[in-house]
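Here is the file coords-v4.csv (CSV, C-alpha atoms and all ligand atoms).
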```csv
chain,number,residue,atom,x,y,z
A,146,MET,CA,-16.2,6.1,-12.3
A,147,ARG,CA,-14.3,8.9,-10.5
A,148,ASN,CA,-10.7,8.4,-11.4
A,149,PHE,CA,-9.2,6.6,-14.4
A,150,THR,CA,-5.6,5.4,-14.2
A,151,SER,CA,-5.8,1.7,-15.0
A,152,VAL,CA,-7.9,-1.0,-16.7
A,153,HIS,CA,-9.3,-1.9,-13.3
A,154,ASP,CA,-11.2,1.5,-13.1
A,155,LEU,CA,-13.4,0.6,-16.1
A,156,GLY,CA,-14.9,-2.6,-14.5
A,157,ASP,CA,-16.0,-4.9,-17.3
A,158,LEU,CA,-13.7,-4.3,-20.3
A,159,LYS,CA,-16.0,-6.0,-22.8
A,160,GLY,CA,-18.8,-3.7,-21.7
A,161,ALA,CA,-16.6,-0.6,-22.0
A,162,ILE,CA,-15.5,-1.6,-25.5
A,163,LYS,CA,-19.2,-2.1,-26.4
A,164,GLU,CA,-20.0,1.4,-25.0
A,165,ALA,CA,-17.1,2.8,-27.1
A,166,LEU,CA,-18.5,1.4,-30.3
A,167,GLU,CA,-21.9,2.9,-29.4
A,168,VAL,CA,-20.3,6.3,-28.6
A,169,LYS,CA,-18.5,6.1,-32.0
A,170,LYS,CA,-21.8,5.8,-33.8
A,171,ASP,CA,-23.0,9.1,-32.4
A,172,ARG,CA,-20.3,11.0,-30.6
A,173,PHE,CA,-22.5,14.1,-30.0
A,174,ALA,CA,-25.3,12.3,-28.2
A,175,TYR,CA,-24.1,13.2,-24.7
A,176,GLN,CA,-23.6,17.0,-25.0
A,177,HIS,CA,-25.8,17.7,-22.0
A,178,LEU,CA,-23.3,15.9,-19.7
A,179,GLY,CA,-20.6,18.4,-20.2
A,180,LYS,CA,-22.6,21.7,-20.2
A,181,ASN,CA,-20.9,24.3,-17.9
A,182,ARG,CA,-18.2,21.7,-17.0
A,183,THR,CA,-14.6,22.5,-17.5
A,184,LEU,CA,-11.8,20.0,-18.3
A,185,LEU,CA,-8.2,21.1,-17.3
A,186,MET,CA,-5.5,19.2,-19.2
A,187,ILE,CA,-2.0,19.4,-17.5
A,188,PHE,CA,1.0,18.4,-19.6
A,189,PHE,CA,4.4,17.8,-18.0
A,190,ASN,CA,5.5,16.2,-21.3
A,191,SER,CA,5.0,16.8,-25.1
A,192,SER,CA,1.9,15.4,-26.9
A,193,LEU,CA,0.2,15.6,-30.3
A,194,ARG,CA,-2.5,12.9,-30.2
A,195,THR,CA,-3.5,13.0,-26.5
A,196,ARG,CA,-3.8,16.8,-26.6
A,197,LEU,CA,-5.9,16.9,-29.7
A,198,SER,CA,-8.1,13.8,-29.2
A,199,THR,CA,-8.9,14.5,-25.5
A,200,GLN,CA,-9.8,18.1,-26.3
A,201,LYS,CA,-12.0,16.9,-29.2
A,202,ALA,CA,-13.7,14.3,-26.9
A,203,ALA,CA,-14.4,16.9,-24.3
A,204,THR,CA,-16.0,19.3,-26.8
A,205,ASN,CA,-18.0,16.4,-28.2
A,206,LEU,CA,-19.4,16.1,-24.7
A,207,GLY,CA,-20.2,19.9,-24.5
A,208,MET,CA,-17.3,20.7,-22.1
A,209,ASN,CA,-15.1,23.7,-21.9
A,210,VAL,CA,-11.3,23.0,-22.0
A,211,ILE,CA,-8.2,24.6,-20.5
A,212,VAL,CA,-4.7,23.3,-21.4
A,213,LEU,CA,-1.6,24.0,-19.3
A,214,ASP,CA,1.9,23.1,-20.5
A,215,VAL,CA,3.7,23.1,-17.2
A,216,ASN,CA,7.1,23.6,-18.8
A,217,GLN,CA,6.0,26.4,-21.1
A,218,GLY,CA,4.9,29.5,-19.4
A,219,ALA,CA,3.9,28.2,-15.9
A,220,TRP,CA,6.1,28.4,-12.9
A,221,LYS,CA,8.6,25.6,-12.6
A,222,LEU,CA,7.2,23.1,-10.0
A,223,GLU,CA,9.0,21.6,-7.1
A,224,THR,CA,7.6,18.1,-6.5
A,225,GLU,CA,9.5,16.9,-3.4
A,226,ARG,CA,8.1,17.8,0.0
A,227,GLY,CA,10.6,19.1,2.6
A,228,VAL,CA,13.1,20.6,0.3
A,229,ILE,CA,14.4,24.1,0.9
A,230,MET,CA,13.1,25.9,-2.2
A,231,ASP,CA,16.2,27.9,-3.1
A,232,SER,CA,16.7,26.4,-6.6
A,233,ASP,CA,15.1,27.5,-9.9
A,234,LYS,CA,11.6,26.2,-8.9
A,235,PRO,CA,9.4,29.1,-7.6
A,236,GLU,CA,6.2,27.0,-6.8
A,237,HIS,CA,5.4,23.7,-5.1
A,238,LEU,CA,3.1,21.1,-6.5
A,239,LEU,CA,1.3,21.0,-3.1
A,240,GLU,CA,-0.1,24.6,-3.7
A,241,ALA,CA,-0.3,24.3,-7.5
A,242,ILE,CA,-2.6,21.2,-7.5
A,243,PRO,CA,-5.4,22.6,-5.3
A,244,VAL,CA,-5.2,25.9,-7.1
A,245,MET,CA,-5.7,24.1,-10.4
A,246,GLY,CA,-8.6,22.2,-8.9
A,247,CYS,CA,-10.4,25.5,-8.2
A,248,TYR,CA,-10.7,26.3,-11.9
A,249,CYS,CA,-12.1,23.0,-13.3
A,250,ASP,CA,-14.4,20.0,-12.7
A,251,VAL,CA,-12.1,17.3,-14.2
A,252,ILE,CA,-8.3,17.1,-14.5
A,253,GLY,CA,-6.3,15.1,-17.1
A,254,VAL,CA,-2.6,14.7,-16.3
A,255,ARG,CA,0.4,13.7,-18.4
A,256,ALA,CA,3.5,13.0,-16.3
A,257,PHE,CA,6.0,10.4,-17.7
A,258,ALA,CA,8.4,8.4,-15.7
A,259,THR,CA,11.5,10.4,-15.0
A,260,PHE,CA,13.8,7.3,-14.6
A,261,GLU,CA,15.4,9.1,-11.6
A,262,ASN,CA,13.8,6.9,-9.0
A,263,LYS,CA,12.1,3.6,-9.8
A,264,GLU,CA,10.0,3.7,-6.6
A,265,ASP,CA,8.7,7.2,-7.3
A,266,ASP,CA,7.8,6.2,-10.8
A,267,TYR,CA,6.1,2.9,-10.0
A,268,SER,CA,4.2,4.5,-7.1
A,269,GLU,CA,2.8,7.0,-9.6
A,270,LYS,CA,3.9,9.8,-7.3
A,271,ILE,CA,2.7,12.7,-9.5
A,272,VAL,CA,-0.7,11.5,-10.6
A,273,ASN,CA,-1.5,10.2,-7.1
A,274,GLN,CA,-0.8,13.7,-5.6
A,275,PHE,CA,-3.3,15.1,-8.1
A,276,ILE,CA,-5.9,12.6,-7.0
A,277,LYS,CA,-5.2,13.4,-3.3
A,278,TYR,CA,-4.9,17.2,-3.4
A,279,SER,CA,-7.0,18.5,-6.3
A,280,GLY,CA,-10.4,17.6,-5.0
A,281,ARG,CA,-11.4,16.7,-8.6
A,282,PRO,CA,-11.7,13.5,-10.6
A,283,VAL,CA,-8.4,12.8,-12.3
A,284,PHE,CA,-7.5,10.7,-15.3
A,285,SER,CA,-4.2,9.6,-16.8
A,286,MET,CA,-3.1,11.0,-20.1
A,287,GLU,CA,0.0,8.8,-19.8
A,288,ALA,CA,1.6,8.6,-16.4
A,289,ALA,CA,4.8,6.9,-15.2
A,290,THR,CA,3.7,3.3,-15.5
A,291,GLY,CA,0.7,3.3,-17.8
A,292,HIS,CA,-1.1,4.8,-20.8
A,293,PRO,CA,-4.6,3.6,-20.3
A,294,LEU,CA,-6.3,5.9,-22.9
A,295,GLN,CA,-3.9,4.5,-25.5
A,296,ALA,CA,-4.5,0.9,-24.5
A,297,PHE,CA,-8.3,1.4,-24.5
A,298,ALA,CA,-8.1,2.9,-28.1
A,299,ASP,CA,-5.9,-0.1,-29.1
A,300,MET,CA,-8.4,-2.6,-27.8
A,301,ILE,CA,-11.2,-0.8,-29.6
A,302,THR,CA,-9.1,-1.0,-32.8
A,303,ILE,CA,-8.4,-4.7,-32.4
A,304,GLU,CA,-12.1,-5.5,-31.8
A,305,GLU,CA,-12.9,-3.6,-35.0
A,306,HIS,CA,-10.4,-5.5,-37.1
A,307,LYS,CA,-10.1,-9.0,-35.6
A,308,THR,CA,-11.5,-12.0,-37.6
A,309,LYS,CA,-11.0,-14.6,-34.8
A,310,GLU,CA,-12.6,-14.7,-31.4
A,311,ARG,CA,-9.2,-15.0,-29.7
A,312,PRO,CA,-6.5,-13.4,-32.0
A,313,LYS,CA,-2.8,-13.9,-31.4
A,314,VAL,CA,-1.5,-10.4,-30.4
A,315,VAL,CA,2.3,-9.9,-30.3
A,316,LEU,CA,3.9,-7.0,-28.4
A,317,THR,CA,7.4,-6.6,-29.8
A,318,TRP,CA,10.3,-4.4,-28.5
A,319,ALA,CA,12.0,-2.5,-31.3
A,320,PRO,CA,15.1,-0.2,-31.2
A,321,HIS,CA,15.1,3.5,-30.5
A,322,PRO,CA,17.9,6.0,-29.8
A,323,ARG,CA,16.5,7.4,-26.6
A,324,ALA,CA,15.3,5.8,-23.3
A,325,LEU,CA,11.5,5.6,-23.4
A,326,PRO,CA,9.1,4.7,-20.6
A,327,GLN,CA,7.4,1.3,-20.0
A,328,ALA,CA,4.0,3.0,-19.8
A,329,VAL,CA,2.7,2.0,-23.3
A,330,PRO,CA,3.9,-1.6,-23.3
A,331,ASN,CA,2.8,-2.1,-19.6
A,332,SER,CA,-0.8,-1.0,-20.4
A,333,PHE,CA,-1.0,-2.7,-23.8
A,334,ALA,CA,0.0,-6.1,-22.3
A,335,GLN,CA,-2.3,-5.7,-19.3
A,336,TRP,CA,-5.3,-4.6,-21.4
A,337,ALA,CA,-4.7,-7.3,-24.1
A,338,VAL,CA,-4.7,-10.0,-21.5
A,339,ALA,CA,-7.8,-8.5,-19.9
A,340,ALA,CA,-9.5,-8.5,-23.3
A,341,GLY,CA,-8.9,-12.3,-23.5
A,342,TYR,CA,-6.5,-12.4,-26.4
A,343,GLU,CA,-3.5,-14.8,-26.8
A,344,VAL,CA,-0.7,-12.4,-25.8
A,345,VAL,CA,3.0,-13.0,-26.6
A,346,ILE,CA,5.7,-10.5,-25.7
A,347,THR,CA,9.1,-10.6,-27.4
A,348,HIS,CA,12.2,-8.5,-26.5
A,349,PRO,CA,15.9,-9.0,-26.1
A,350,GLU,CA,17.0,-10.4,-22.7
A,351,GLY,CA,17.2,-7.7,-20.0
A,352,TYR,CA,14.0,-5.9,-21.3
A,353,GLU,CA,11.6,-7.9,-19.1
A,354,LEU,CA,8.6,-5.7,-18.0
A,355,ASN,CA,7.1,-5.5,-14.5
A,356,LYS,CA,5.2,-8.9,-14.0
A,357,GLU,CA,2.2,-7.0,-12.5
A,358,PHE,CA,1.4,-5.8,-16.0
A,359,THR,CA,2.4,-8.9,-18.1
A,360,ASP,CA,0.7,-11.6,-16.0
A,361,GLY,CA,-1.1,-13.9,-18.4
A,362,ALA,CA,1.2,-13.2,-21.4
A,363,THR,CA,3.9,-15.5,-22.8
A,364,ILE,CA,7.5,-14.2,-23.1
A,365,GLU,CA,9.3,-15.4,-26.2
A,366,TYR,CA,12.9,-14.1,-26.7
A,367,ASP,CA,13.0,-15.3,-30.4
A,368,GLN,CA,11.3,-12.5,-32.3
A,369,LYS,CA,10.7,-14.5,-35.4
A,370,LYS,CA,9.2,-17.4,-33.5
A,371,ALA,CA,6.9,-14.9,-31.7
A,372,PHE,CA,5.7,-13.5,-35.0
A,373,GLU,CA,4.7,-16.9,-36.4
A,374,GLY,CA,0.9,-17.0,-36.9
A,375,ALA,CA,0.3,-13.6,-35.3
A,376,ASP,CA,-2.8,-11.7,-36.1
A,377,PHE,CA,-1.6,-8.3,-34.7
A,378,ILE,CA,1.9,-7.0,-34.3
A,379,TYR,CA,2.2,-4.2,-31.8
A,380,ALA,CA,5.7,-2.6,-31.9
A,381,LYS,CA,7.1,-0.3,-29.1
A,382,ASN,CA,10.4,0.6,-27.7
A,383,TRP,CA,11.0,0.8,-23.9
A,384,ALA,CA,14.0,1.2,-21.6
A,385,ALA,CA,15.0,-1.6,-19.2
A,386,TYR,CA,12.8,-2.1,-16.1
A,387,GLU,CA,14.8,-4.5,-14.0
A,388,ASP,CA,17.5,-3.4,-11.6
A,389,PRO,CA,20.3,-2.4,-11.9
A,390,ASN,CA,19.5,-1.2,-15.4
A,391,TYR,CA,16.2,0.6,-14.7
A,392,GLY,CA,15.7,3.4,-17.3
A,393,LYS,CA,18.8,2.3,-19.4
A,394,ILE,CA,19.2,1.5,-23.0
A,395,LEU,CA,20.7,-2.0,-23.3
A,396,SER,CA,20.4,-2.4,-27.1
A,397,THR,CA,19.8,-0.4,-30.3
A,398,ASP,CA,20.0,-3.6,-32.4
A,399,ARG,CA,18.2,-2.9,-35.7
A,400,ALA,CA,17.8,-6.6,-36.2
A,401,TRP,CA,14.7,-6.0,-34.1
A,402,THR,CA,13.2,-3.5,-36.5
A,403,VAL,CA,9.8,-4.7,-37.8
A,404,ASP,CA,10.2,-5.2,-41.6
A,405,SER,CA,8.2,-7.0,-44.3
A,406,GLU,CA,10.3,-10.1,-44.0
A,407,LYS,CA,9.2,-10.6,-40.4
A,408,MET,CA,5.6,-9.6,-41.2
A,409,ALA,CA,5.6,-12.4,-43.8
A,410,LEU,CA,5.9,-14.9,-40.9
A,411,THR,CA,2.6,-13.8,-39.4
A,412,ASP,CA,-0.9,-14.8,-40.4
A,413,ASN,CA,-1.2,-11.6,-42.6
A,414,ALA,CA,-1.1,-9.6,-39.3
A,415,PHE,CA,-2.1,-6.0,-38.9
A,416,PHE,CA,0.7,-3.6,-37.8
A,417,MET,CA,0.1,-1.4,-34.8
A,418,HIS,CA,2.0,1.4,-33.0
A,419,CYS,CA,0.8,4.2,-30.6
A,420,LEU,CA,2.8,6.9,-32.4
A,421,PRO,CA,5.0,8.9,-32.5
A,422,VAL,CA,7.1,6.4,-34.3
A,423,ARG,CA,10.7,6.6,-35.6
A,424,ARG,CA,10.6,5.1,-39.1
A,425,ASN,CA,13.3,2.6,-40.0
A,426,MET,CA,14.2,2.2,-36.3
A,427,ILE,CA,11.0,0.8,-35.0
A,428,VAL,CA,9.4,-0.1,-38.4
A,429,THR,CA,10.3,0.1,-42.0
A,430,ASP,CA,8.5,2.6,-44.4
A,431,ASP,CA,6.9,-0.2,-46.4
A,432,VAL,CA,5.3,-1.9,-43.3
A,433,ILE,CA,3.9,1.3,-41.8
A,434,GLU,CA,2.6,2.4,-45.2
A,435,SER,CA,1.1,-1.0,-46.0
A,436,ASP,CA,-2.7,-1.6,-46.2
A,437,ARG,CA,-2.3,-3.8,-43.0
A,438,SER,CA,-1.1,-0.8,-41.0
A,439,LEU,CA,-3.5,0.4,-38.3
A,440,VAL,CA,-1.6,3.4,-36.9
A,441,ILE,CA,-4.0,6.0,-38.1
A,442,PRO,CA,-7.2,4.1,-37.0
A,443,GLU,CA,-5.6,3.7,-33.6
A,444,ALA,CA,-5.0,7.4,-33.3
A,445,ALA,CA,-8.5,8.1,-34.5
A,446,ASN,CA,-9.9,5.9,-31.7
A,447,ARG,CA,-8.1,8.0,-29.1
A,448,GLU,CA,-11.0,10.4,-29.5
A,449,ILE,CA,-13.4,7.6,-28.6
A,450,SER,CA,-11.5,6.2,-25.7
A,451,ALA,CA,-11.2,9.6,-24.2
A,452,GLU,CA,-14.9,10.3,-24.7
A,453,VAL,CA,-16.0,7.1,-22.9
A,454,VAL,CA,-13.7,7.9,-20.0
A,455,LEU,CA,-14.9,11.6,-19.7
A,456,LYS,CA,-18.5,10.5,-20.2
A,457,ARG,CA,-18.2,8.0,-17.3
A,458,ILE,CA,-16.5,10.6,-15.1
A,459,LEU,CA,-19.2,13.2,-15.9
A,460,GLU,CA,-21.9,10.7,-15.1
A,461,SER,CA,-20.4,10.3,-11.7
A,462,LEU,CA,-20.4,14.0,-10.8
B,501,LIG,C1,6.4,8.4,-25.4
B,501,LIG,C2,6.5,7.0,-24.8
B,501,LIG,O1,7.2,6.1,-25.3
B,501,LIG,O2,6.0,6.8,-23.7
B,501,LIG,C3,4.9,8.6,-25.7
B,501,LIG,C4,4.2,7.6,-26.5
B,501,LIG,C5,2.7,7.8,-26.6
B,501,LIG,N1,7.1,8.5,-26.6
B,501,LIG,C6,8.2,9.3,-26.8
B,501,LIG,O3,8.6,9.9,-25.9
B,501,LIG,C7,8.8,9.3,-28.2
B,502,LIG,N1,0.0,8.1,-28.6
B,502,LIG,C1,0.2,9.2,-27.9
B,502,LIG,O1,-0.2,9.3,-26.8
B,502,LIG,O2,0.7,10.3,-28.6
B,502,LIG,P1,1.1,11.7,-28.1
B,502,LIG,O3,2.3,11.5,-27.2
B,502,LIG,O4,1.4,12.5,-29.3
B,502,LIG,O5,-0.1,12.3,-27.2
```

Show how you would write the structure in this file as structure tokens.
Amino acid sequence: MRNFTSVHDLGDLKGAIKEALEVKKDRFAYQHLGKNRTLLMIFFNSSLRTRLSTQKAATNLGMNVIVLDVNQGAWKLETERGVIMDSDKPEHLLEAIPVMGCYCDVIGVRAFATFENKEDDYSEKIVNQFIKYSGRPVFSMEAATGHPLQAFADMITIEEHKTKERPKVVLTWAPHPRALPQAVPNSFAQWAVAAGYEVVITHPEGYELNKEFTDGATIEYDQKKAFEGADFIYAKNWAAYEDPNYGKILSTDRAWTVDSEKMALTDNAFFMHCLPVRRNMIVTDDVIESDRSLVIPEAANREISAEVVLKRILESL
């Protein structure tokens, strides 16, 4: 595997999850793969888990790691070709990317949707320029339309906790005060369908996601009905996808907050969220603190998903 931006890059998902569970048993078994190899992690946006877990995974594999926060200490980057660069951005991405490629063997990129232009976001303009111009294998650390390292960690976590062959997995929208990308719900829906689960998505009207990612899932606008008999509840906020409201907040209705009353409708479901989470907006304190909450195991599995992805990229060099 050279690049990793989507579930399609992994090939057989079941096989990849199996490989992840093997890596988890002995995460230092592949140190030889990363010797004298350098990972460069580029962040256009903030991060706690991705930053720490990916660096940990790389060091498990014997790699050296460099981290660049583009907005803290690097030159501000122009991303549009053809502009007269007389603004506050002294450097163009078209020079910066190949320069970055000179100093490393693998590049991880975090570049969220900006919500300024839907076409630019959904064509993954930034990550695709890294793939095209860096000369290095590139993997997504959450791009405009997907967060595959998170979805991979979530699938590992579900496999570790499920008690049925085909659990009912519910992705629920929940309120949040700021407009958040569709990357996490897009990937979660797509990967959960690919994993063979029964996938139900519930959200207020107007929050429909891009069908390319939700194909194979059922949409249920009644949140309580969706929760009935669920084995896993995955909460996430996202801003509207459909035009003319792309990137907009249509609701902050706290009737959609996940609480213990709604969890009681499920089949003793586990609660999941990728973090960071706003308590008592997305989920109440008691639900996230309950013994059915998987938020910490999910975060722990980010080290494993990143290690499998880096391992496969290193094997291809
Ligand atoms: C980001 C998002 O919703 O995509 C990152 C989640 C992993 N969350 C925030 O910006 C709060
Ligand atoms: N879940 C996740 O990607 O967290 P960070 O934004 O902190 O990296």

How close does stretch 357-459 of chain A get to stretch 300-304 of chain A? List, as CSV, each residue of stretch 357-459 of chain A within 12 Å, its nearest atom pair and the distance in Å to one decimal, counting all atoms listed in the file.
```
residue,atom,partner,partner_atom,distance
A:Asp376,CA,A:Ile303,CA,9.7
A:Phe377,CA,A:Ile303,CA,8.0
A:Ile378,CA,A:Ile303,CA,10.7
A:Tyr379,CA,A:Ile303,CA,10.6
A:Ala414,CA,A:Ile303,CA,11.2
A:Phe415,CA,A:Ile303,CA,9.1
A:Phe416,CA,A:Ile303,CA,10.6
A:Met417,CA,A:Thr302,CA,9.4
A:His418,CA,A:Thr302,CA,11.4
A:Cys419,CA,A:Thr302,CA,11.4
A:Ser438,CA,A:Thr302,CA,11.5
A:Leu439,CA,A:Thr302,CA,8.0
A:Val440,CA,A:Thr302,CA,9.6
A:Ile441,CA,A:Thr302,CA,10.2
A:Pro442,CA,A:Thr302,CA,6.9
A:Glu443,CA,A:Thr302,CA,5.9
A:Ala444,CA,A:Thr302,CA,9.4
A:Ala445,CA,A:Thr302,CA,9.3
A:Asn446,CA,A:Thr302,CA,7.0
A:Arg447,CA,A:Ile301,CA,9.3
A:Glu448,CA,A:Ile301,CA,11.2
A:Ile449,CA,A:Ile301,CA,8.7
A:Ser450,CA,A:Ile301,CA,8.0
A:Ala451,CA,A:Ile301,CA,11.7
A:Val453,CA,A:Ile301,CA,11.4
```

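The nearest approach to ligand LIG 501 (chain B) among the residues A:Leu222, A:Met230, A:Ala256, A:Ala203, with only C-alpha atoms and all ligand atoms taken into account, belongs to A:Ala256.
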
#### Entry: Near-ligand residues for ligand LIG 501 (chain B), threshold 6 Å, all atoms listed in the file, as a ChimeraX atom specification
/A:325-326,328-329,419-421

### Message
Show me which residues line ligand LIG 502 (chain B), defined as having an atom within 10 Å of a ligand atom where only C-alpha atoms and all ligand atoms count, and present them as number ranges by chain.
### Response
A: 188, 190-199, 255, 286-287, 292-296, 298, 329, 418-422, 440, 443-444, 447

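For the pair atom CA of A:Phe358 and atom CA of A:Ser332, the separation is 6.9 Å.
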
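Nearest to A:Leu213 of all the residues A:Ala409, A:Val345, A:Met186, A:Val244 is A:Met186, based on only C-alpha atoms.
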
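When all atoms listed in the file are used to measure the gap to A:Ile187, the shortest distance among A:Leu166, A:Met146, A:Ala288, A:Val212 belongs to A:Val212.
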
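Using only C-alpha atoms, the smallest distance between any of A:Asp360, A:Asp231, A:Glu406, A:Glu343 and A:Ala375 comes from A:Glu343.
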
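If you look at atom CA of A:Phe297 and atom CA of A:Trp401, they are 26.0 Å away from each other.
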
Starting from the sparse input, extend stretch 161-177 of chain A to N, CA, C and O atoms and give the output as a compact mmCIF listing (two decimals), in the coordinates of the input.
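Output file part10.txt follows:
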```txt
# COMPACT_ATOMS: atom_id res chain seq x y z
N ALA A 161 -17.11 -1.96 -21.66
CA ALA A 161 -16.60 -0.60 -22.00
C ALA A 161 -16.28 -0.52 -23.49
O ALA A 161 -16.51 0.54 -24.09
N ILE A 162 -15.80 -1.62 -24.08
CA ILE A 162 -15.50 -1.60 -25.50
C ILE A 162 -16.86 -1.45 -26.30
O ILE A 162 -16.97 -0.71 -27.26
N LYS A 163 -17.87 -2.16 -25.80
CA LYS A 163 -19.20 -2.10 -26.40
C LYS A 163 -19.73 -0.62 -26.35
O LYS A 163 -20.26 -0.07 -27.32
N GLU A 164 -19.54 -0.02 -25.18
CA GLU A 164 -20.00 1.40 -25.00
C GLU A 164 -19.21 2.30 -25.95
O GLU A 164 -19.79 3.23 -26.53
N ALA A 165 -17.91 2.01 -26.15
CA ALA A 165 -17.10 2.80 -27.10
C ALA A 165 -17.64 2.74 -28.48
O ALA A 165 -17.72 3.75 -29.19
N LEU A 166 -18.03 1.54 -28.91
CA LEU A 166 -18.50 1.40 -30.30
C LEU A 166 -19.88 2.10 -30.44
O LEU A 166 -20.19 2.64 -31.51
N GLU A 167 -20.66 2.16 -29.36
CA GLU A 167 -21.90 2.90 -29.40
C GLU A 167 -21.63 4.43 -29.47
O GLU A 167 -22.23 5.14 -30.27
N VAL A 168 -20.69 4.91 -28.63
CA VAL A 168 -20.30 6.30 -28.60
C VAL A 168 -19.81 6.73 -30.04
O VAL A 168 -20.12 7.81 -30.56
N LYS A 169 -19.05 5.81 -30.66
CA LYS A 169 -18.50 6.10 -32.00
C LYS A 169 -19.55 6.33 -33.03
O LYS A 169 -19.37 7.12 -33.96
N LYS A 170 -20.68 5.64 -32.86
CA LYS A 170 -21.80 5.80 -33.80
C LYS A 170 -22.45 7.15 -33.75
O LYS A 170 -22.99 7.64 -34.72
N ASP A 171 -22.43 7.75 -32.55
CA ASP A 171 -23.00 9.10 -32.40
C ASP A 171 -22.32 9.82 -31.26
O ASP A 171 -22.76 9.84 -30.12
N ARG A 172 -21.20 10.43 -31.64
CA ARG A 172 -20.30 11.00 -30.60
C ARG A 172 -20.83 12.30 -30.02
O ARG A 172 -20.26 12.82 -29.08
N PHE A 173 -21.92 12.85 -30.59
CA PHE A 173 -22.50 14.10 -30.00
C PHE A 173 -23.76 13.88 -29.24
O PHE A 173 -24.47 14.82 -28.92
N ALA A 174 -24.03 12.62 -28.90
CA ALA A 174 -25.30 12.30 -28.20
C ALA A 174 -25.32 12.65 -26.75
O ALA A 174 -26.37 12.59 -26.13
N TYR A 175 -24.17 13.02 -26.19
CA TYR A 175 -24.10 13.20 -24.70
C TYR A 175 -23.69 14.64 -24.34
O TYR A 175 -23.11 14.87 -23.29
N GLN A 176 -24.01 15.59 -25.23
CA GLN A 176 -23.60 17.00 -25.00
C GLN A 176 -24.07 17.58 -23.72
O GLN A 176 -23.40 18.40 -23.13
N HIS A 177 -25.26 17.12 -23.26
CA HIS A 177 -25.80 17.70 -22.00
C HIS A 177 -24.91 17.37 -20.81
O HIS A 177 -24.89 18.13 -19.85
```
